[in-house]
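As provided, start-v3.pdb (PDB, C-alpha atoms) reads as follows.
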```pdb
ATOM      1  CA  MET A 788     158.586  95.288  58.627
ATOM      2  CA  GLU A 789     155.987  97.769  59.925
ATOM      3  CA  GLU A 790     155.151  95.494  62.856
ATOM      4  CA  VAL A 791     158.810  95.140  63.796
ATOM      5  CA  VAL A 792     159.351  98.897  63.648
ATOM      6  CA  VAL A 793     156.327  99.605  65.846
ATOM      7  CA  GLU A 794     157.239  96.907  68.368
ATOM      8  CA  ASN A 795     160.822  98.077  68.694
ATOM      9  CA  LEU A 796     159.939 101.767  68.957
ATOM     10  CA  PHE A 797     157.482 101.139  71.770
ATOM     11  CA  ASN A 798     159.160  98.271  73.608
ATOM     12  CA  GLY A 799     162.717  97.787  72.342
ATOM     13  CA  GLU A 800     166.017  98.516  74.043
ATOM     14  CA  ARG A 801     168.102 101.490  72.934
ATOM     15  CA  GLU A 802     169.823  99.837  69.966
ATOM     16  CA  ALA A 803     166.549  98.305  68.790
ATOM     17  CA  LYS A 804     164.860 101.718  68.930
ATOM     18  CA  ILE A 805     167.669 103.285  66.916
ATOM     19  CA  LYS A 806     167.456 100.566  64.294
ATOM     20  CA  ALA A 807     163.667 100.885  64.104
ATOM     21  CA  ALA A 808     163.873 104.678  63.645
ATOM     22  CA  ARG A 809     166.371 104.246  60.832
ATOM     23  CA  GLU A 810     164.220 101.596  59.180
ATOM     24  CA  LEU A 811     161.221 103.933  59.344
ATOM     25  CA  VAL A 812     163.082 106.479  57.190
ATOM     26  CA  LYS A 813     163.519 103.852  54.459
ATOM     27  CA  LEU A 814     159.815 102.937  54.272
ATOM     28  CA  SER A 815     157.422 104.171  51.604
ATOM     29  CA  THR A 816     155.215 107.207  52.162
ATOM     30  CA  LYS A 817     152.185 104.956  52.614
ATOM     31  CA  GLN A 818     153.982 102.792  55.166
ATOM     32  CA  ARG A 819     155.111 105.854  57.109
ATOM     33  CA  HIS A 820     151.544 107.113  57.065
ATOM     34  CA  ASN A 821     150.373 103.819  58.533
ATOM     35  CA  LEU A 822     152.983 104.037  61.282
ATOM     36  CA  ALA A 823     151.926 107.590  62.094
ATOM     37  CA  GLU A 824     148.364 106.349  62.486
ATOM     38  CA  ARG A 825     149.670 103.882  65.052
ATOM     39  CA  GLY A 826     151.180 106.652  67.147
ATOM     40  CA  VAL A 827     154.907 106.233  66.575
ATOM     41  CA  MET A 828     155.450 109.964  67.138
ATOM     42  CA  SER A 829     155.285 109.483  70.913
ATOM     43  CA  PRO A 830     158.186 107.013  71.277
ATOM     44  CA  LEU A 831     160.228 108.991  68.747
ATOM     45  CA  ILE A 832     159.746 112.198  70.735
ATOM     46  CA  SER A 833     160.666 110.324  73.904
ATOM     47  CA  MET A 834     163.935 109.317  72.224
ATOM     48  CA  LEU A 835     164.795 113.021  71.844
ATOM     49  CA  HIS A 836     165.297 113.212  75.621
ATOM     50  CA  SER A 837     168.227 110.801  75.404
ATOM     51  CA  GLN A 838     171.809 111.907  76.074
ATOM     52  CA  HIS A 839     172.946 109.426  73.416
ATOM     53  CA  TYR A 840     173.787 111.117  70.108
ATOM     54  CA  LYS A 841     172.765 108.233  67.818
ATOM     55  CA  THR A 842     169.407 107.896  69.565
ATOM     56  CA  VAL A 843     168.547 111.562  69.105
ATOM     57  CA  GLU A 844     169.861 111.674  65.526
ATOM     58  CA  ALA A 845     167.801 108.618  64.517
ATOM     59  CA  ALA A 846     164.658 110.002  66.145
ATOM     60  CA  LEU A 847     165.008 113.422  64.502
ATOM     61  CA  SER A 848     165.553 111.851  61.084
ATOM     62  CA  ALA A 849     162.501 109.629  61.556
ATOM     63  CA  LEU A 850     160.296 112.536  62.621
ATOM     64  CA  LEU A 851     161.453 114.573  59.624
ATOM     65  CA  SER A 852     160.580 111.691  57.305
ATOM     66  CA  LEU A 853     157.073 111.509  58.797
ATOM     67  CA  THR A 854     156.445 115.171  57.880
ATOM     68  CA  PHE A 855     157.055 114.545  54.175
ATOM     69  CA  ARG A 856     153.880 115.501  52.278
ATOM     70  CA  SER A 857     151.771 115.273  55.431
ATOM     71  CA  GLU A 858     150.354 118.342  57.138
ATOM     72  CA  ARG A 859     148.459 115.973  59.407
ATOM     73  CA  ASN A 860     151.677 114.429  60.694
ATOM     74  CA  LYS A 861     153.219 117.871  61.236
ATOM     75  CA  ILE A 862     150.258 118.776  63.411
ATOM     76  CA  CYS A 863     150.395 115.478  65.270
ATOM     77  CA  ILE A 864     154.106 115.882  66.044
ATOM     78  CA  VAL A 865     153.528 119.328  67.545
ATOM     79  CA  LYS A 866     150.453 118.145  69.476
ATOM     80  CA  SER A 867     152.555 115.302  70.867
ATOM     81  CA  GLY A 868     154.828 117.794  72.620
ATOM     82  CA  ALA A 869     157.800 117.986  70.270
ATOM     83  CA  ILE A 870     158.466 121.743  70.413
ATOM     84  CA  PRO A 871     159.752 122.074  74.013
ATOM     85  CA  VAL A 872     162.021 119.083  73.440
ATOM     86  CA  LEU A 873     163.359 120.571  70.194
ATOM     87  CA  LEU A 874     164.056 123.884  71.919
ATOM     88  CA  ASN A 875     166.037 122.049  74.586
ATOM     89  CA  LEU A 876     168.092 120.343  71.890
ATOM     90  CA  LEU A 877     169.301 123.731  70.692
ATOM     91  CA  GLN A 878     171.362 123.882  73.882
ATOM     92  CA  CYS A 879     173.371 120.798  73.002
ATOM     93  CA  GLN A 880     176.943 121.173  71.761
ATOM     94  CA  ASN A 881     176.566 118.925  68.719
ATOM     95  CA  GLU A 882     176.364 120.871  65.450
ATOM     96  CA  GLU A 883     174.677 118.090  63.493
ATOM     97  CA  LEU A 884     171.897 117.709  66.054
ATOM     98  CA  ILE A 885     171.397 121.468  66.190
ATOM     99  CA  GLU A 886     171.066 121.621  62.410
ATOM    100  CA  LEU A 887     168.620 118.700  62.321
ATOM    101  CA  THR A 888     166.622 120.389  65.079
ATOM    102  CA  LEU A 889     166.463 123.665  63.178
ATOM    103  CA  ALA A 890     165.349 121.818  60.038
ATOM    104  CA  ALA A 891     162.556 120.202  62.057
ATOM    105  CA  MET A 892     161.479 123.581  63.469
ATOM    106  CA  LEU A 893     161.328 125.019  59.959
ATOM    107  CA  ILE A 894     159.213 122.192  58.571
ATOM    108  CA  LEU A 895     156.810 122.114  61.518
ATOM    109  CA  SER A 896     156.367 125.917  61.426
ATOM    110  CA  SER A 897     155.456 125.780  57.731
ATOM    111  CA  CYS A 898     152.098 124.278  58.746
ATOM    112  CA  LYS A 899     149.590 127.054  59.408
ATOM    113  CA  ALA A 900     147.814 125.079  62.119
ATOM    114  CA  ASN A 901     151.051 124.798  64.111
ATOM    115  CA  LYS A 902     152.150 128.424  64.130
ATOM    116  CA  LEU A 903     150.324 129.634  67.225
ATOM    117  CA  GLU A 904     151.335 126.662  69.370
ATOM    118  CA  ILE A 905     154.964 126.883  68.238
ATOM    119  CA  ALA A 906     155.150 130.605  68.967
ATOM    120  CA  SER A 907     153.412 130.145  72.314
ATOM    121  CA  SER A 908     156.215 127.793  73.357
ATOM    122  CA  GLY A 909     158.712 130.675  73.245
ATOM    123  CA  THR A 910     160.239 129.617  69.935
ATOM    124  CA  ILE A 911     160.679 133.148  68.612
ATOM    125  CA  GLN A 912     162.620 134.275  71.670
ATOM    126  CA  HIS A 913     164.781 131.144  71.611
ATOM    127  CA  LEU A 914     165.653 131.491  67.923
ATOM    128  CA  VAL A 915     166.430 135.190  68.198
ATOM    129  CA  GLN A 916     168.718 134.536  71.161
ATOM    130  CA  PHE A 917     170.396 131.802  69.139
ATOM    131  CA  LEU A 918     170.920 134.182  66.217
ATOM    132  CA  ASN A 919     172.554 136.577  68.655
ATOM    133  CA  GLY A 920     174.904 133.878  69.922
ATOM    134  CA  ASN A 921     173.419 134.073  73.420
ATOM    135  CA  TYR A 922     172.074 130.570  73.750
ATOM    136  CA  GLY A 923     173.160 127.532  75.716
ATOM    137  CA  GLY A 924     176.165 129.265  77.243
ATOM    138  CA  ASP A 925     178.197 129.038  74.038
ATOM    139  CA  ASN A 926     178.349 130.965  70.791
ATOM    140  CA  ASN A 927     177.044 128.243  68.507
ATOM    141  CA  MET A 928     176.507 130.753  65.702
ATOM    142  CA  ASN A 929     180.222 130.736  64.990
ATOM    143  CA  SER A 930     180.141 127.092  63.991
ATOM    144  CA  ILE A 931     176.743 126.256  62.510
ATOM    145  CA  SER A 932     176.252 126.377  58.751
ATOM    146  CA  MET A 933     174.653 129.077  56.680
ATOM    147  CA  GLN A 934     171.822 126.665  55.933
ATOM    148  CA  ALA A 935     171.059 126.426  59.658
ATOM    149  CA  LYS A 936     170.920 130.221  59.875
ATOM    150  CA  LEU A 937     168.618 130.263  56.858
ATOM    151  CA  ASN A 938     166.357 127.714  58.538
ATOM    152  CA  MET A 939     166.121 129.907  61.632
ATOM    153  CA  VAL A 940     165.253 132.988  59.610
ATOM    154  CA  ALA A 941     162.672 131.086  57.555
ATOM    155  CA  THR A 942     161.076 129.736  60.748
ATOM    156  CA  LEU A 943     160.845 133.230  62.198
ATOM    157  CA  HIS A 944     159.275 134.458  58.982
ATOM    158  CA  HIS A 945     156.725 131.633  59.021
ATOM    159  CA  LEU A 946     155.739 132.599  62.545
ATOM    160  CA  SER A 947     155.600 136.317  61.736
ATOM    161  CA  ASN A 948     152.688 135.597  59.389
ATOM    162  CA  CYS A 949     150.479 134.468  62.284
ATOM    163  CA  HIS A 950     148.444 137.498  63.417
ATOM    164  CA  GLN A 951     147.728 136.060  66.871
ATOM    165  CA  ILE A 952     151.396 136.215  67.857
ATOM    166  CA  ILE A 953     152.253 139.887  67.333
ATOM    167  CA  PRO A 954     153.265 140.258  71.019
ATOM    168  CA  SER A 955     155.770 137.450  70.534
ATOM    169  CA  MET A 956     157.137 139.074  67.400
ATOM    170  CA  ASN A 957     157.852 142.172  69.477
ATOM    171  CA  ALA A 958     160.598 140.094  71.090
ATOM    172  CA  LEU A 959     162.255 139.808  67.691
ATOM    173  CA  CYS A 960     162.244 143.570  67.304
ATOM    174  CA  GLU A 961     163.586 144.151  70.816
ATOM    175  CA  ILE A 962     166.507 141.729  70.468
ATOM    176  CA  ALA A 963     167.249 143.028  66.959
ATOM    177  CA  THR A 964     169.214 145.850  68.587
ATOM    178  CA  THR A 965     171.945 143.400  69.617
ATOM    179  CA  ASP A 966     174.720 142.062  67.445
ATOM    180  CA  GLY A 967     173.437 138.939  65.728
ATOM    181  CA  VAL A 968     170.042 139.253  64.066
ATOM    182  CA  ILE A 969     170.314 142.127  61.601
ATOM    183  CA  PRO A 970     173.791 141.194  60.263
ATOM    184  CA  THR A 971     172.579 137.639  59.649
ATOM    185  CA  LEU A 972     169.500 138.877  57.802
ATOM    186  CA  VAL A 973     171.602 141.174  55.622
ATOM    187  CA  GLU A 974     173.991 138.328  54.865
ATOM    188  CA  ILE A 975     171.086 136.139  53.780
ATOM    189  CA  ILE A 976     169.707 138.877  51.510
ATOM    190  CA  GLU A 977     173.079 138.908  49.774
ATOM    191  CA  ASP A 978     173.895 135.192  49.633
ATOM    192  CA  GLY A 979     170.768 133.149  50.401
ATOM    193  CA  SER A 980     168.468 131.243  48.084
ATOM    194  CA  PRO A 981     165.539 133.174  46.538
ATOM    195  CA  GLN A 982     163.112 131.803  49.129
ATOM    196  CA  CYS A 983     165.462 132.547  52.034
ATOM    197  CA  LYS A 984     166.027 136.083  50.747
ATOM    198  CA  GLU A 985     162.264 136.515  50.801
ATOM    199  CA  HIS A 986     162.138 135.378  54.429
ATOM    200  CA  ALA A 987     165.013 137.672  55.428
ATOM    201  CA  VAL A 988     163.653 140.817  53.801
ATOM    202  CA  GLY A 989     160.254 140.061  55.329
ATOM    203  CA  ILE A 990     161.711 140.054  58.841
ATOM    204  CA  LEU A 991     163.751 143.211  58.228
ATOM    205  CA  LEU A 992     160.603 144.908  56.973
ATOM    206  CA  LEU A 993     158.719 143.797  60.079
ATOM    207  CA  ILE A 994     161.489 145.144  62.312
ATOM    208  CA  CYS A 995     161.617 148.480  60.498
ATOM    209  CA  GLN A 996     157.827 148.842  60.496
ATOM    210  CA  SER A 997     157.698 148.290  64.256
ATOM    211  CA  SER A 998     159.807 151.425  64.857
ATOM    212  CA  ARG A 999     161.357 153.103  61.839
ATOM    213  CA  GLU A1000     163.171 155.726  63.909
ATOM    214  CA  ARG A1001     164.739 153.096  66.142
ATOM    215  CA  TYR A1002     165.839 150.505  63.597
ATOM    216  CA  ARG A1003     166.469 152.401  60.350
ATOM    217  CA  GLY A1004     170.022 153.345  61.287
ATOM    218  CA  LEU A1005     170.841 149.879  62.611
ATOM    219  CA  ILE A1006     169.740 148.279  59.357
ATOM    220  CA  LEU A1007     171.573 150.773  57.150
ATOM    221  CA  ARG A1008     174.825 150.431  59.105
ATOM    222  CA  GLU A1009     174.947 146.736  58.229
ATOM    223  CA  GLY A1010     175.265 147.581  54.517
ATOM    224  CA  VAL A1011     171.865 146.315  53.436
ATOM    225  CA  MET A1012     171.410 148.585  50.423
ATOM    226  CA  PRO A1013     173.299 146.699  47.658
ATOM    227  CA  GLY A1014     171.573 143.403  48.396
ATOM    228  CA  LEU A1015     168.212 145.067  48.917
ATOM    229  CA  LEU A1016     168.371 146.944  45.647
ATOM    230  CA  GLN A1017     169.407 143.806  43.786
ATOM    231  CA  LEU A1018     166.503 141.970  45.395
ATOM    232  CA  SER A1019     164.098 144.606  44.095
ATOM    233  CA  VAL A1020     165.106 143.509  40.581
ATOM    234  CA  ASP A1021     165.590 139.757  40.646
ATOM    235  CA  GLY A1022     163.846 138.522  43.811
ATOM    236  CA  THR A1023     160.644 136.526  44.021
ATOM    237  CA  CYS A1024     157.393 138.415  43.539
ATOM    238  CA  TRP A1025     156.903 138.878  47.293
ATOM    239  CA  ALA A1026     160.574 139.676  47.853
ATOM    240  CA  LYS A1027     160.451 142.463  45.265
ATOM    241  CA  LYS A1028     157.359 143.936  46.901
ATOM    242  CA  MET A1029     158.852 143.808  50.402
ATOM    243  CA  ALA A1030     162.232 145.112  49.218
ATOM    244  CA  LYS A1031     160.520 148.106  47.638
ATOM    245  CA  GLU A1032     158.576 148.818  50.825
ATOM    246  CA  LEU A1033     161.707 148.528  52.954
ATOM    247  CA  LEU A1034     163.611 150.848  50.615
ATOM    248  CA  PHE A1035     160.941 153.505  51.154
ATOM    249  CA  LEU A1036     161.201 153.095  54.922
ATOM    250  CA  LEU A1037     164.987 153.381  54.834
ATOM    251  CA  ARG A1038     164.941 156.676  52.962
ATOM    252  CA  ASP A1039     165.859 159.711  55.067
ATOM    253  CA  CYS A1040     162.760 161.900  54.948
ATOM    254  CA  SER A1041     162.733 163.177  58.536
ATOM    255  CA  SER A1042     162.506 166.868  57.679
ATOM    256  CA  SER A1043     162.278 169.340  54.820
ATOM    257  CA  SER A1044     165.884 170.438  55.222
ATOM    258  CA  SER A1045     167.144 166.877  55.220
ATOM    259  CA  ARG A1046     165.208 166.170  52.054
ATOM    260  CA  ASN A1047     166.936 169.122  50.403
ATOM    261  CA  LYS A1048     170.299 167.722  51.454
ATOM    262  CA  GLN A1049     169.758 164.146  50.361
ATOM    263  CA  SER A1050     172.907 162.255  49.574
ATOM    264  CA  LYS A1051     173.607 161.046  46.058
ATOM    265  CA  HIS A1052     172.814 157.543  47.244
ATOM    266  CA  GLU A1053     169.346 158.571  48.402
ATOM    267  CA  LEU A1054     168.644 160.429  45.170
ATOM    268  CA  ILE A1055     169.503 157.314  43.196
ATOM    269  CA  ILE A1056     167.311 155.270  45.524
ATOM    270  CA  VAL A1057     164.445 157.606  44.670
ATOM    271  CA  GLN A1058     165.180 157.021  40.978
ATOM    272  CA  ILE A1059     165.174 153.277  41.331
ATOM    273  CA  LEU A1060     161.932 153.304  43.299
ATOM    274  CA  GLN A1061     160.370 155.345  40.528
ATOM    275  CA  ALA A1062     161.752 152.927  37.954
ATOM    276  CA  ILE A1063     160.228 149.977  39.803
ATOM    277  CA  ASP A1064     156.802 151.554  39.247
ATOM    278  CA  ALA A1065     157.453 152.465  35.620
ATOM    279  CA  GLU A1066     155.720 150.479  32.918
ATOM    280  CA  GLU A1067     158.158 151.092  30.078
ATOM    281  CA  ASN A1068     161.529 149.346  29.799
ATOM    282  CA  ILE A1069     161.149 148.335  33.413
ATOM    283  CA  ASN A1070     163.606 145.456  33.499
ATOM    284  CA  GLU A1071     166.407 147.222  31.651
ATOM    285  CA  THR A1072     165.950 150.484  33.559
ATOM    286  CA  LYS A1073     165.890 148.816  36.938
ATOM    287  CA  THR A1074     168.928 146.749  36.151
ATOM    288  CA  LEU A1075     170.968 149.765  35.078
ATOM    289  CA  LEU A1076     169.959 151.777  38.121
ATOM    290  CA  VAL A1077     170.690 148.905  40.466
ATOM    291  CA  GLU A1078     174.148 148.546  38.969
ATOM    292  CA  GLU A1079     174.687 152.280  39.380
ATOM    293  CA  ILE A1080     173.618 152.469  43.021
ATOM    294  CA  ILE A1081     175.579 149.353  43.980
ATOM    295  CA  ALA A1082     178.678 150.728  42.302
ATOM    296  CA  LYS A1083     178.331 154.056  44.105
ATOM    297  CA  ILE A1084     177.635 152.470  47.489
ATOM    298  CA  SER A1085     180.614 150.147  47.097
ATOM    299  CA  THR A1086     183.055 152.969  46.382
TER
END
```

Could the structure of this file be written out as structure tokens, please?
Amino acid sequence: MEEVVVENLFNGEREAKIKAARELVKLSTKQRHNLAERGVMSPLISMLHSQHYKTVEAALSALLSLTFRSERNKICIVKSGAIPVLLNLLQCQNEELIELTLAAMLILSSCKANKLEIASSGTIQHLVQFLNGNYGGDNNMNSISMQAKLNMVATLHHLSNCHQIIPSMNALCEIATTDGVIPTLVEIIEDGSPQCKEHAVGILLLICQSSRERYRGLILREGVMPGLLQLSVDGTCWAKKMAKELLFLLRDCSSSSSRNKQSKHELIIVQILQAIDAEENINETKTLLVEEIIAKIST
């Protein structure tokens, strides 16, 4: 079977290539590893240039299967030139292909060795534009799933952890002033999975840290506080830490007079931040204060 798959991927006609790509997905991890050693990434990436939906779908699925439990294959796929092709696919009008492409970007960006090359290809700018609905001449954000949005945010967060690409991350902060990015991040903090909430709060923290004066109001206007406070109680370890730091940044402490005129909401925020650091009855206290602040903000 391996020989047939290799032969058809390299030399077969379109239908044979599609069949071979689909057969590759069904093979064992060891067999897929053997095929990767024989260079099947190259013909699969070439298939991504096709205008034929089934060809692209089969190739994307095969490439995703090759990344399973293999950092080496993730690196090889990126080195083989996959990123520019994937970015081009985001301009297509097929929702399923867009979502497969975003899943591939997420998985490839999870590999530390890939982060710099992925960011250097303009991925951050492309994803931020996509989040803003300004990509490919159509507002694809209205139709793609929440999971696709989560994948974009997680990819951006993966790339934000690479210190060599801070200039590229500045693009995220610049475009954050438009309509799409911050609302999506707030939505994910409220409704995403624990890991996705961690990614979202990490990006919001990065944005706020880049220029607190510029972005604090934008973030607050999107209604981030209820979800952020809840995250400070029941998020992952890193999410709790980042939520706490973002809460401090969002407090209004611009002047002495403003501190004296803090709103009730801000006073309760101060209480909850103090409770987060308390050692006694921490879980119960935080939970009660979170419920109180959310109730007050919602009314």

Reference answer for the PyMOL selection byres ((chain A and resi 845) around 12), as a PyMOL selection string: chain A and resi 796+801-813+830-835+837+839-844+846-852+883-884+887-888

I need the residue nearest Glu1000 (chain A) from this list: A:His836, A:Trp1025, A:Leu1036, A:Met1012. Use only C-alpha atoms for the distance.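 The shortest atom-to-atom distance to Glu1000 (chain A) comes from A:Leu1036.
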
Pick from A:Val1011, A:Ile969, A:Cys983, A:Leu1037, whichever lies nearest to Arg999 (chain A) using all atoms listed in the file: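 Closest candidate: A:Leu1037.
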
Selection result of the PyMOL selection byres ((chain A and resi 897) around 9) on this file, as a list in words: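 Expected selection for the PyMOL selection byres ((chain A and resi 897) around 9) here is Lys861, Met892, Leu893, Ile894, Leu895, Ser896, Cys898, Lys899, Ala900, Asn901, Lys902, Ala941, Thr942, His945 and Leu946 of chain A.
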
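Proximity to Ser997 (chain A) was assessed for A:Val940, A:Leu1033, A:Gln880, A:Val872 counting only C-alpha atoms; the smallest distance is recorded for A:Leu1033.
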
With a distance cut-off of 9 Å and all atoms listed in the file, select the neighbouring residues of Ile990 (chain A), excluding the residue or stretch itself and same-chain residues fewer than 3 positions from it, and output the selection as a list in words.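 That gives Val940, Leu943, His944, Ser947, Leu959, Leu972, Glu985, His986, Ala987, Leu993, Ile994 and Cys995 of chain A.
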
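Note that the spacing between CA of Glu800 (chain A) and CA of Ser857 (chain A) amounts to 28.8 Å.
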
Between CA of Leu874 (chain A) and CA of Gln838 (chain A), what is the spacing in Å? 14.9 Å

Measure the distance from CA of Val792 (chain A) to CA of Val827 (chain A) in Å and round it to one decimal. 9.1 Å

So for region 973-982 of chain A, what box centre and size do we get, axis-aligned, 6 Å extra on each of the six sides, every listed atom, Å to one decimal, as AutoDock Vina command-line options?
```
--center_x 168.6 --center_y 136.2 --center_z 51.1 --size_x 22.9 --size_y 21.9 --size_z 21.1
```

Given the choices A:Leu1005, A:Met828, A:Leu853, A:Ala891, which gets closest to Leu814 (chain A) if the distance is worked out from all atoms listed in the file?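 Residue with the minimum atom-to-atom distance to Leu814 (chain A): A:Leu853.
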
Contacts of Ser980 (chain A) at 12 Å (all atoms listed in the file; same-chain gap of 3+ positions) as a VMD selection string: chain A and resid 933 to 934 937 to 938 941 974 to 977 983 to 987 1018 1021 to 1023 1026

Output check: residues returned by the PyMOL selection byres ((chain A and resi 918) around 7), as a PyMOL selection string: chain A and resi 914-917+919-920+928+967-968

For Val865 (chain A), which residue among A:Glu882, A:Glu904, A:Asp978, A:Glu790 is the nearest when counting only C-alpha atoms?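 Checking each of A:Glu882, A:Glu904, A:Asp978, A:Glu790 against Val865 (chain A), counting only C-alpha atoms, the winner is A:Glu904.
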
Between A:Met788, A:Ala1030, A:Cys949, A:Leu1015, single out the one closest to Val973 (chain A), counting all atoms listed in the file.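 Under the stated criterion, the closest residue is A:Leu1015.
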
Please provide the set of residues having any atom within 10 Å of Gly909 (chain A), restricted to all atoms listed in the file, with same-chain residues fewer than 2 positions apart removed, written as a PDB file with C-alpha atoms, in the frame of the given file.
```
ATOM      1  CA  ILE A 870     158.466 121.743  70.413  1.00  0.00           C
ATOM      2  CA  PRO A 871     159.752 122.074  74.013  1.00  0.00           C
ATOM      3  CA  LEU A 874     164.056 123.884  71.919  1.00  0.00           C
ATOM      4  CA  GLU A 904     151.335 126.662  69.370  1.00  0.00           C
ATOM      5  CA  ILE A 905     154.964 126.883  68.238  1.00  0.00           C
ATOM      6  CA  ALA A 906     155.150 130.605  68.967  1.00  0.00           C
ATOM      7  CA  SER A 907     153.412 130.145  72.314  1.00  0.00           C
ATOM      8  CA  ILE A 911     160.679 133.148  68.612  1.00  0.00           C
ATOM      9  CA  GLN A 912     162.620 134.275  71.670  1.00  0.00           C
ATOM     10  CA  HIS A 913     164.781 131.144  71.611  1.00  0.00           C
ATOM     11  CA  LEU A 914     165.653 131.491  67.923  1.00  0.00           C
ATOM     12  CA  SER A 955     155.770 137.450  70.534  1.00  0.00           C
ATOM     13  CA  ALA A 958     160.598 140.094  71.090  1.00  0.00           C
TER      14      ALA A 958
END
```
